[in-house]
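Enquirer: Quick one, target.cif (mmCIF, C-alpha atoms):
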```cif
data_structure
#
loop_
_atom_site.label_atom_id
_atom_site.label_comp_id
_atom_site.auth_asym_id
_atom_site.auth_seq_id
_atom_site.Cartn_x
_atom_site.Cartn_y
_atom_site.Cartn_z
CA GLU A 4 69.63 18.88 -121.08
CA VAL A 5 66.95 17.25 -123.25
CA ASP A 6 63.42 18.54 -122.83
CA ASN A 7 61.19 15.45 -122.65
CA THR A 8 57.94 17.42 -122.62
CA THR A 9 57.39 17.15 -126.36
CA VAL A 10 58.23 13.43 -126.40
CA GLU A 11 55.77 12.78 -123.57
CA LEU A 12 53.08 14.83 -125.31
CA ASP A 13 53.60 12.87 -128.51
CA ALA A 14 53.24 9.59 -126.61
CA VAL A 15 50.03 10.78 -124.96
CA VAL A 16 48.59 11.96 -128.29
CA GLU A 17 49.53 8.71 -130.01
CA TYR A 18 47.90 6.62 -127.30
CA SER A 19 44.78 8.80 -127.13
CA MET A 20 44.19 8.82 -130.88
CA LYS A 21 44.68 5.08 -131.20
CA ARG A 22 42.27 4.56 -128.33
CA LEU A 23 39.69 6.75 -130.05
CA THR A 24 40.02 4.94 -133.38
CA ARG A 25 39.67 1.56 -131.66
CA GLY A 26 36.45 2.86 -130.12
CA LEU A 27 35.06 3.63 -133.59
CA GLY A 28 34.73 -0.12 -134.13
CA SER A 29 32.75 -0.70 -130.93
CA GLY A 30 29.28 -2.17 -131.28
CA ARG A 31 28.18 -1.08 -127.82
CA ALA A 32 25.16 1.22 -127.65
CA GLY A 33 26.19 4.84 -128.17
CA ALA A 34 29.92 4.08 -127.94
CA ARG A 35 30.74 4.59 -131.61
CA GLN A 36 28.97 7.94 -131.74
CA GLY A 37 30.84 9.19 -128.68
CA PHE A 38 34.22 8.07 -129.95
CA ALA A 39 33.45 9.58 -133.37
CA VAL A 40 32.62 12.97 -131.84
CA ALA A 41 35.83 12.92 -129.78
CA PHE A 42 37.95 11.78 -132.75
CA THR A 43 36.49 14.50 -134.97
CA SER A 44 37.13 17.17 -132.33
CA ALA A 45 40.71 16.02 -131.76
CA MET A 46 41.50 15.87 -135.48
CA THR A 47 40.00 19.32 -136.01
CA HIS A 48 41.51 21.22 -133.09
CA LEU A 49 44.90 19.63 -132.35
CA ASP A 50 47.50 21.27 -134.60
CA ALA A 51 50.04 18.57 -133.78
CA ILE A 52 47.93 15.99 -135.63
CA SER A 53 47.77 16.07 -139.42
CA VAL A 54 45.20 14.42 -141.65
CA GLU A 55 47.96 12.04 -142.76
CA ASP A 56 48.32 11.02 -139.12
CA GLY A 57 44.58 10.42 -139.03
CA PHE A 58 44.79 7.87 -141.85
CA ARG A 59 47.53 6.06 -139.94
CA PHE A 60 45.54 6.06 -136.69
CA LEU A 61 42.54 4.57 -138.47
CA LYS A 62 44.64 1.84 -140.04
CA GLU A 63 46.33 0.95 -136.75
CA GLY A 64 43.26 1.33 -134.53
CA LEU A 65 40.75 -0.73 -136.51
CA GLU A 66 41.40 -4.42 -137.07
CA PRO A 67 41.70 -5.53 -140.71
CA ILE A 68 38.86 -7.66 -142.04
CA THR A 69 39.97 -11.21 -142.86
CA LYS A 70 38.23 -14.45 -143.81
CA SER A 71 37.99 -15.36 -140.14
CA THR A 72 36.27 -12.10 -139.17
CA LYS A 73 32.69 -12.71 -138.07
CA GLY A 74 29.86 -10.91 -139.83
CA SER A 75 28.95 -8.67 -136.91
CA GLU A 76 32.61 -7.82 -136.30
CA ALA A 77 33.13 -6.93 -139.97
CA ARG A 78 30.06 -4.70 -139.85
CA ASP A 79 31.36 -2.84 -136.81
CA ILE A 80 34.79 -2.37 -138.41
CA LEU A 81 33.33 -1.05 -141.67
CA ILE A 82 31.01 1.38 -139.89
CA GLY A 83 33.97 2.49 -137.77
CA GLN A 84 36.00 3.12 -140.92
CA LEU A 85 33.16 5.19 -142.38
CA PHE A 86 32.82 7.25 -139.20
CA GLY A 87 36.59 7.73 -139.11
CA ASN A 88 36.85 8.89 -142.70
CA ALA A 89 33.93 11.28 -142.15
CA ALA A 90 35.88 12.76 -139.25
CA LEU A 91 38.98 13.14 -141.43
CA ALA A 92 36.91 14.83 -144.14
CA ARG A 93 35.63 17.44 -141.69
CA ALA A 94 39.08 17.92 -140.21
CA LEU A 95 40.57 18.42 -143.68
CA VAL A 96 38.12 21.23 -144.48
CA ALA A 97 38.53 22.90 -141.08
CA LYS A 98 42.32 22.64 -140.82
CA GLU A 99 43.45 22.94 -144.43
CA VAL A 100 40.78 24.61 -146.59
CA SER A 101 38.89 27.10 -144.43
CA LEU A 102 39.65 30.83 -144.50
CA GLU A 103 41.16 30.62 -141.01
CA ALA A 104 43.43 27.77 -142.10
CA LYS A 105 44.62 29.66 -145.18
CA LYS A 106 45.45 32.74 -143.08
CA LYS A 107 47.45 30.58 -140.69
CA LYS A 108 49.37 28.97 -143.54
CA LYS A 109 50.32 32.36 -144.96
CA GLU A 110 51.59 33.43 -141.56
CA MET A 111 53.61 30.25 -141.15
CA MET A 112 55.10 30.51 -144.64
CA SER A 113 56.02 34.16 -144.14
CA GLY A 114 57.76 33.30 -140.88
CA SER A 115 55.43 35.40 -138.74
CA GLY A 116 53.92 32.33 -137.05
CA SER A 117 55.56 30.21 -134.39
CA SER A 118 57.25 27.00 -135.43
CA ASN A 119 55.50 23.75 -134.67
CA ASN A 120 57.87 21.60 -132.65
CA ASN A 121 55.44 18.71 -132.50
CA ASN A 122 55.73 18.09 -136.24
CA LYS A 123 59.22 17.13 -137.34
CA ARG A 124 58.35 16.95 -141.02
CA LYS A 125 58.10 20.01 -143.22
CA LYS A 126 54.47 21.08 -143.13
CA TRP A 127 54.29 24.66 -144.38
CA THR A 128 55.32 24.89 -148.02
CA THR A 129 54.19 27.01 -150.96
CA LEU A 130 50.50 27.64 -151.54
CA GLU A 131 50.56 25.54 -154.71
CA GLU A 132 52.22 22.61 -152.94
CA GLU A 133 49.66 22.84 -150.15
CA ARG A 134 46.88 22.86 -152.73
CA GLU A 135 48.25 19.69 -154.32
CA ARG A 136 48.42 18.10 -150.88
CA ILE A 137 44.77 18.95 -150.19
CA VAL A 138 43.72 17.53 -153.57
CA ASP A 139 45.63 14.30 -152.87
CA LEU A 140 44.14 13.95 -149.38
CA SER A 141 40.63 14.62 -150.69
CA SER A 142 41.12 12.08 -153.46
CA GLN A 143 42.34 9.53 -150.90
CA LEU A 144 39.24 10.15 -148.79
CA PHE A 145 36.96 9.74 -151.81
CA ALA A 146 38.66 6.44 -152.62
CA GLU A 147 38.27 5.15 -149.06
CA ILE A 148 34.60 6.14 -149.01
CA CYS A 149 34.00 4.32 -152.31
CA ARG A 150 35.79 1.22 -151.01
CA ILE A 151 33.58 1.13 -147.92
CA SER A 152 30.45 1.66 -150.01
CA ASN A 153 31.35 -1.24 -152.29
CA THR A 154 31.62 -3.70 -149.40
CA LYS A 155 28.02 -3.55 -148.18
CA ALA A 156 24.94 -2.07 -149.87
CA TYR A 157 23.55 -0.77 -146.59
CA LEU A 158 26.56 1.54 -146.25
CA SER A 159 26.07 3.19 -149.65
CA GLU A 160 23.72 5.93 -148.51
CA SER A 161 25.92 7.02 -145.60
CA ALA A 162 29.05 6.81 -147.76
CA ALA A 163 27.44 8.95 -150.45
CA LYS A 164 26.47 11.51 -147.82
CA VAL A 165 30.08 11.80 -146.65
CA MET A 166 31.33 12.19 -150.23
CA ILE A 167 28.76 14.90 -151.01
CA GLU A 168 29.52 16.75 -147.78
CA LEU A 169 33.26 16.75 -148.47
CA ALA A 170 32.99 17.86 -152.10
CA LEU A 171 30.47 20.62 -151.40
CA SER A 172 32.41 21.80 -148.35
CA LEU A 173 35.55 22.14 -150.46
CA SER A 174 33.56 24.14 -153.01
CA LYS A 175 31.88 26.31 -150.38
CA GLN A 176 35.22 27.28 -148.85
CA GLU A 177 36.66 28.10 -152.27
CA GLU A 178 33.60 30.22 -153.05
CA GLY A 179 34.09 32.09 -149.79
CA LEU A 180 37.62 32.95 -150.90
CA HIS A 181 36.22 34.55 -154.08
CA GLU A 182 37.73 31.93 -156.37
CA LYS A 183 36.72 32.32 -160.02
CA ASP A 184 35.97 28.58 -160.13
CA PRO A 185 34.85 27.50 -156.63
CA PHE A 186 34.43 23.89 -157.80
CA ARG A 187 38.02 23.52 -158.96
CA LEU A 188 39.39 21.92 -155.79
CA ALA A 189 36.66 19.28 -155.58
CA ARG A 190 36.87 18.67 -159.34
CA GLU A 191 40.62 18.05 -159.22
CA ALA A 192 40.19 15.63 -156.31
CA LEU A 193 37.47 13.71 -158.15
CA GLU A 194 39.65 13.69 -161.26
CA LYS A 195 42.27 11.77 -159.28
CA CYS A 196 39.75 9.24 -157.95
CA PRO A 197 38.59 6.77 -160.63
CA GLN A 198 36.49 4.91 -158.05
CA ALA A 199 34.34 8.00 -157.43
CA GLN A 200 34.00 8.67 -161.15
CA ALA A 201 32.91 5.07 -161.72
CA TRP A 202 30.26 5.36 -159.00
CA VAL A 203 28.83 8.60 -160.39
CA SER A 204 28.94 7.25 -163.95
CA ARG A 205 26.99 4.05 -163.31
CA ASP A 206 24.10 3.34 -165.62
CA VAL A 207 21.02 4.33 -163.59
CA THR A 208 18.84 1.98 -165.64
CA ASP A 209 20.86 -0.99 -164.35
CA VAL A 210 18.77 -1.78 -161.27
CA GLY A 211 17.53 -4.84 -159.44
CA GLU A 212 19.13 -7.60 -157.43
CA GLN A 213 21.11 -8.91 -160.39
CA SER A 214 23.02 -5.63 -160.74
CA GLY A 215 24.56 -6.22 -157.32
CA LYS A 216 24.65 -2.52 -156.42
CA THR A 217 22.15 0.18 -155.66
CA THR A 218 21.82 3.04 -158.14
CA ILE A 219 19.80 5.55 -156.14
CA GLU A 220 23.05 6.86 -154.65
CA THR A 221 24.37 7.34 -158.19
CA VAL A 222 21.40 9.64 -158.87
CA TRP A 223 22.03 11.48 -155.61
CA LEU A 224 25.75 11.90 -156.28
CA ALA A 225 25.50 12.92 -159.92
CA TYR A 226 22.76 15.47 -159.26
CA SER A 227 24.36 16.95 -156.12
CA LEU A 228 27.91 17.06 -157.43
CA TYR A 229 27.22 17.91 -161.07
CA GLU A 230 29.11 21.22 -160.93
CA CYS A 231 32.10 19.48 -159.32
CA LEU A 232 32.40 16.66 -161.84
CA PRO A 233 35.38 16.44 -164.22
CA ALA A 234 34.49 16.89 -167.89
CA ARG A 235 34.79 13.19 -168.76
CA CYS A 236 32.64 12.22 -165.81
CA LYS A 237 29.98 14.74 -166.81
CA GLU A 238 29.88 13.12 -170.23
CA ALA A 239 29.70 9.60 -168.80
CA GLN A 240 27.04 10.12 -166.11
CA SER A 241 23.45 9.33 -167.08
CA VAL A 242 21.52 11.33 -164.48
CA VAL A 243 21.60 14.92 -165.74
CA PRO A 244 21.27 15.26 -169.55
CA LYS A 245 23.56 17.69 -171.33
CA PHE A 246 22.32 21.26 -171.52
CA SER A 247 23.65 24.41 -173.17
CA SER A 248 21.73 27.04 -171.26
CA SER A 249 23.60 29.17 -168.74
CA SER A 250 20.46 29.73 -166.69
CA SER A 251 20.69 29.04 -162.96
CA SER A 252 17.84 26.54 -163.34
CA ALA A 253 19.32 24.76 -166.36
CA LYS A 254 20.39 21.67 -164.40
CA GLU A 255 16.97 21.32 -162.77
CA ASP A 256 15.16 21.84 -166.08
CA SER A 257 17.31 19.20 -167.74
CA PHE A 258 16.89 16.68 -164.93
CA PHE A 259 13.12 17.13 -164.61
CA ALA A 260 12.49 16.69 -168.33
CA TYR A 261 9.83 14.01 -168.84
CA GLU A 262 12.04 11.59 -170.76
CA ASN A 263 14.82 11.86 -168.19
CA LEU A 264 12.45 11.23 -165.28
CA LYS A 265 11.28 8.07 -167.04
CA LYS A 266 14.89 6.95 -167.28
CA VAL A 267 15.74 7.47 -163.61
CA SER A 268 12.35 6.36 -162.26
CA HIS A 269 13.50 2.79 -161.65
CA ALA A 270 16.40 4.02 -159.57
CA LEU A 271 14.12 6.36 -157.62
CA ALA A 272 11.82 3.41 -156.98
CA GLU A 273 14.61 1.82 -154.92
CA CYS A 274 14.07 4.46 -152.23
CA PRO A 275 11.69 2.36 -150.08
CA HIS A 276 14.77 0.58 -148.68
CA ALA A 277 15.25 3.70 -146.53
CA HIS A 278 11.84 3.20 -144.82
CA PRO A 279 10.64 4.58 -142.45
CA ARG A 280 12.86 7.53 -143.43
CA VAL A 281 12.65 9.29 -146.76
CA HIS A 282 15.82 8.97 -148.83
CA PRO A 283 17.74 12.31 -149.00
CA ILE A 284 17.36 12.46 -152.78
CA TRP A 285 13.66 13.25 -152.36
CA GLU A 286 14.32 16.24 -150.13
CA ILE A 287 16.71 17.63 -152.74
CA LEU A 288 14.33 17.03 -155.63
CA CYS A 289 11.33 18.50 -153.82
CA GLU A 290 13.26 21.69 -153.05
CA ALA A 291 14.67 22.07 -156.56
#
```
What is this structure when it is put down as structure tokens?
Expert:
Amino acid sequence: EVDNTTVELDAVVEYSMKRLTRGLGSGRAGARQGFAVAFTSAMTHLDAISVEDGFRFLKEGLEPITKSTKGSEARDILIGQLFGNAALARALVAKEVSLEAKKKKKEMMSGSGSSNNNNKRKKWTTLEEERERIVDLSSQLFAEICRISNTKAYLSESAAKVMIELALSLSKQEEGLHEKDPFRLAREALEKCPQAQAWVSRDVTDVGEQSGKTTIETVWLAYSLYECLPARCKEAQSVVPKFSSSSSSAKEDSFFAYENLKKVSHALAECPHAHPRVHPIWEILCEA
């Protein structure tokens, strides 16, 4: 006799997740925030759903943008995609990178954990294979965030915030596991994402309407993620000058050098677009 419980559960999960992702594109007051909270919670706490599934749900739940898509509809879809990818980023850290997740993986790989009947594909492999999977998923998220940022300038700040949160969360978890190089995971993911490297490496003196893109987020990204950047990207970025000191304040000293502040001043002058808020870069710089 076939047990249909699992099949029915899968159908319910599929329907529920697609319904949540469709809600991410809603322009109704408060709807997107509510659907985003529910989607994040489901992605984080339901073991039957993988981050790979989350990418599929987003693709199927949000309509593609075409030439016939109206401006307001395109805006809602893009914001929904950003909210969705932010949810996947948080789910990735919680389910795959956190200390609790690593303990669970070791148990599953050693055979001491229960098998997951809801996932038919092989999920628990070697630690190195799982690490490569996390790097690939993180790189995919970085690429999606960059794509969204490149579509509309008003999404750049929020997209940069998601990228910074993901990269620093990966590093924080690695540091908690006493890794010799806590930035390795984020660095490898950025290494596999040329779009992110291009964003961080933009010339911060190239500002104004003719440049077509804002550069204040480049300053924010390069300063916040400096320790996570691949070697070539560190060389290419123009926000933090090279320094040889091993002092804990070496990055700040290099950035706040008079000549460097003159160079990035035009980019910092773009910040009034965030009015009446203060752009996050100022909070970071004032606390440095």
Enquirer: Please write as a PDB file with C-alpha atoms, in the coordinates of the input the list of polymer residues whose atoms come within 6 Å of (47.2, 16.6, -145.6), counting only C-alpha atoms and keeping to the coordinates of the file.
Expert:
```pdb
ATOM      1  CA  VAL A  54      45.200  14.420-141.650  1.00  0.00           C
ATOM      2  CA  GLU A  55      47.960  12.040-142.760  1.00  0.00           C
ATOM      3  CA  ARG A 136      48.420  18.100-150.880  1.00  0.00           C
ATOM      4  CA  ILE A 137      44.770  18.950-150.190  1.00  0.00           C
ATOM      5  CA  LEU A 140      44.140  13.950-149.380  1.00  0.00           C
TER       6      LEU A 140
END
```
Enquirer: Which residues, named as in the file, does the PyMOL selection byres ((chain A and resi 188-195) around 6) pick out? Answer as a compact mmCIF listing (two decimals) with C-alpha atoms, in the coordinates of the input.
Expert:
```txt
# COMPACT_ATOMS: atom_id res chain seq x y z
CA VAL A 138 43.72 17.53 -153.57
CA SER A 141 40.63 14.62 -150.69
CA SER A 142 41.12 12.08 -153.46
CA ALA A 170 32.99 17.86 -152.10
CA LEU A 173 35.55 22.14 -150.46
CA PHE A 186 34.43 23.89 -157.80
CA ARG A 187 38.02 23.52 -158.96
CA CYS A 196 39.75 9.24 -157.95
CA CYS A 231 32.10 19.48 -159.32
CA LEU A 232 32.40 16.66 -161.84
CA PRO A 233 35.38 16.44 -164.22
```
Enquirer: Once the PyMOL selection byres ((chain A and resi 93) around 9) has been applied to the shown file, what residues remain in the selection, as a PDB file with C-alpha atoms, in the frame of the given file?
Expert:
```pdb
ATOM      1  CA  THR A  43      36.490  14.500-134.970  1.00  0.00           C
ATOM      2  CA  MET A  46      41.500  15.870-135.480  1.00  0.00           C
ATOM      3  CA  THR A  47      40.000  19.320-136.010  1.00  0.00           C
ATOM      4  CA  ASN A  88      36.850   8.890-142.700  1.00  0.00           C
ATOM      5  CA  ALA A  89      33.930  11.280-142.150  1.00  0.00           C
ATOM      6  CA  ALA A  90      35.880  12.760-139.250  1.00  0.00           C
ATOM      7  CA  LEU A  91      38.980  13.140-141.430  1.00  0.00           C
ATOM      8  CA  ALA A  92      36.910  14.830-144.140  1.00  0.00           C
ATOM      9  CA  ALA A  94      39.080  17.920-140.210  1.00  0.00           C
ATOM     10  CA  LEU A  95      40.570  18.420-143.680  1.00  0.00           C
ATOM     11  CA  VAL A  96      38.120  21.230-144.480  1.00  0.00           C
ATOM     12  CA  ALA A  97      38.530  22.900-141.080  1.00  0.00           C
ATOM     13  CA  LYS A  98      42.320  22.640-140.820  1.00  0.00           C
ATOM     14  CA  GLU A 168      29.520  16.750-147.780  1.00  0.00           C
ATOM     15  CA  LEU A 169      33.260  16.750-148.470  1.00  0.00           C
ATOM     16  CA  SER A 172      32.410  21.800-148.350  1.00  0.00           C
TER      17      SER A 172
END
```
Enquirer: For CA of Ala77 (chain A) and CA of Phe38 (chain A), determine how far apart the two atoms are, in Å to one decimal place.
Expert: 18.1 Å
Enquirer: Around the point (41.3, 5.6, -142.6) (coordinates from the file), which residues reach within 7 Å if we count only C-alpha atoms? Answer as a ChimeraX atom specification.
Expert: /A:57-59,61-62,84,87-88
Enquirer: With the PyMOL selection byres ((chain A and resi 207) around 7) as the selection, what would be picked from this file? Answer as a list in words, please.
Expert: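 Checked against the file, the PyMOL selection byres ((chain A and resi 207) around 7) matches Arg205, Asp206, Thr208, Asp209, Val210, Thr218, Ser241, Val267 and Ala270 of chain A.
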Enquirer: For Ala291 (chain A), work out the shell of residues within 12 Å, counting only C-alpha atoms and skipping chain neighbours fewer than 6 positions away, then give it as a VMD selection string.
Expert: chain A and resid 226 to 227 251 to 259 284 to 285
Enquirer: Tell me, as a VMD selection string, which residues lie within 9 Å of region 32-35 of chain A, counting all atoms listed in the file; anything in the same chain fewer than 6 positions away does not count.
Expert: chain A and resid 26 82 to 83 86
Enquirer: Show me, as JSON, the centre and edge lengths in Å to one decimal of the axis-aligned box that covers every listed atom of region 244-263 of chain A with 4 Å on each side.
Expert:
```
{"center_x": 16.7, "center_y": 20.7, "center_z": -168.0, "size_x": 21.8, "size_y": 26.1, "size_z": 18.4}
```
Enquirer: State, in Å with one decimal place, the distance from CA of Ala272 (chain A) to CA of Pro244 (chain A).
Expert: 19.7 Å
Enquirer: Could you tell me how far CA of Leu27 (chain A) lies from CA of Ala39 (chain A), in Å and to one decimal?
Expert: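 These two atoms are separated by 6.2 Å.
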Enquirer: Rank A:Val203, A:Ala162, A:Val222, A:Ala239 by their smallest atom-to-atom distance to Ser268 (chain A), using only C-alpha atoms, and report the top residue only.
Expert: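 Between A:Val203, A:Ala162, A:Val222, A:Ala239, the residue approaching Ser268 (chain A) most closely is A:Val222.
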Enquirer: Of the candidates A:Glu220, A:Leu228, A:Gln240, A:Arg235, which one gets nearest to Leu271 (chain A) if we count only C-alpha atoms?
Expert: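 For Leu271 (chain A), the nearest of the candidates is A:Glu220.
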Enquirer: Quick one: region 138-148 of chain A with all heavy atoms, as a CSV table (one decimal), keeping the file's coordinate frame?
Expert:
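Below is the file that was written, rebuild.csv:
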```csv
chain,number,residue,atom,x,y,z
A,138,VAL,N,44.4,18.3,-152.5
A,138,VAL,CA,43.7,17.5,-153.6
A,138,VAL,C,44.0,16.1,-153.4
A,138,VAL,O,43.1,15.2,-153.5
A,138,VAL,CB,44.2,18.0,-154.9
A,138,VAL,CG1,43.8,17.0,-156.0
A,138,VAL,CG2,43.7,19.4,-155.3
A,139,ASP,N,45.3,15.7,-153.1
A,139,ASP,CA,45.6,14.3,-152.9
A,139,ASP,C,44.9,13.7,-151.7
A,139,ASP,O,44.4,12.6,-151.7
A,139,ASP,CB,47.1,14.2,-152.7
A,139,ASP,CG,47.9,14.4,-154.0
A,139,ASP,OD1,47.3,14.4,-155.1
A,139,ASP,OD2,49.1,14.8,-153.9
A,140,LEU,N,44.8,14.5,-150.6
A,140,LEU,CA,44.1,14.0,-149.4
A,140,LEU,C,42.6,13.8,-149.7
A,140,LEU,O,42.0,12.8,-149.2
A,140,LEU,CB,44.3,14.9,-148.2
A,140,LEU,CG,45.7,14.9,-147.6
A,140,LEU,CD1,45.9,16.1,-146.6
A,140,LEU,CD2,46.1,13.6,-146.9
A,141,SER,N,42.1,14.7,-150.4
A,141,SER,CA,40.6,14.6,-150.7
A,141,SER,C,40.4,13.4,-151.6
A,141,SER,O,39.4,12.7,-151.4
A,141,SER,CB,40.1,15.9,-151.4
A,141,SER,OG,40.3,17.0,-150.5
A,142,SER,N,41.3,13.2,-152.6
A,142,SER,CA,41.1,12.1,-153.5
A,142,SER,C,41.2,10.8,-152.7
A,142,SER,O,40.5,9.8,-152.9
A,142,SER,CB,42.2,12.2,-154.6
A,142,SER,OG,42.2,11.0,-155.4
A,143,GLN,N,42.2,10.7,-151.7
A,143,GLN,CA,42.3,9.5,-150.9
A,143,GLN,C,41.1,9.3,-150.1
A,143,GLN,O,40.7,8.1,-149.9
A,143,GLN,CB,43.5,9.7,-150.0
A,143,GLN,CG,43.9,8.4,-149.2
A,143,GLN,CD,45.2,8.6,-148.4
A,143,GLN,OE1,45.9,9.6,-148.6
A,143,GLN,NE2,45.5,7.7,-147.5
A,144,LEU,N,40.5,10.3,-149.6
A,144,LEU,CA,39.2,10.2,-148.8
A,144,LEU,C,38.1,9.7,-149.7
A,144,LEU,O,37.4,8.7,-149.3
A,144,LEU,CB,38.8,11.5,-148.1
A,144,LEU,CG,39.6,11.8,-146.9
A,144,LEU,CD1,39.4,13.3,-146.5
A,144,LEU,CD2,39.1,11.0,-145.7
A,145,PHE,N,38.0,10.2,-150.9
A,145,PHE,CA,37.0,9.7,-151.8
A,145,PHE,C,37.1,8.3,-152.1
A,145,PHE,O,36.2,7.5,-152.1
A,145,PHE,CB,37.0,10.5,-153.1
A,145,PHE,CG,36.5,11.9,-153.0
A,145,PHE,CD1,37.1,13.0,-153.7
A,145,PHE,CD2,35.4,12.2,-152.3
A,145,PHE,CE1,36.6,14.3,-153.6
A,145,PHE,CE2,34.9,13.5,-152.2
A,145,PHE,CZ,35.5,14.5,-152.9
A,146,ALA,N,38.4,7.8,-152.3
A,146,ALA,CA,38.7,6.4,-152.6
A,146,ALA,C,38.3,5.5,-151.5
A,146,ALA,O,37.7,4.4,-151.7
A,146,ALA,CB,40.1,6.3,-153.0
A,147,GLU,N,38.6,5.9,-150.2
A,147,GLU,CA,38.3,5.2,-149.1
A,147,GLU,C,36.8,5.0,-148.9
A,147,GLU,O,36.2,4.0,-148.6
A,147,GLU,CB,38.9,5.8,-147.8
A,147,GLU,CG,40.3,5.4,-147.6
A,147,GLU,CD,40.5,3.9,-147.3
A,147,GLU,OE1,40.1,3.5,-146.3
A,147,GLU,OE2,41.1,3.3,-148.2
A,148,ILE,N,36.1,6.1,-149.1
A,148,ILE,CA,34.6,6.1,-149.0
A,148,ILE,C,34.0,5.2,-150.0
A,148,ILE,O,33.0,4.4,-149.7
A,148,ILE,CB,34.1,7.6,-149.2
A,148,ILE,CG1,34.5,8.4,-148.0
A,148,ILE,CG2,32.5,7.6,-149.3
A,148,ILE,CD1,34.4,9.9,-148.2
```
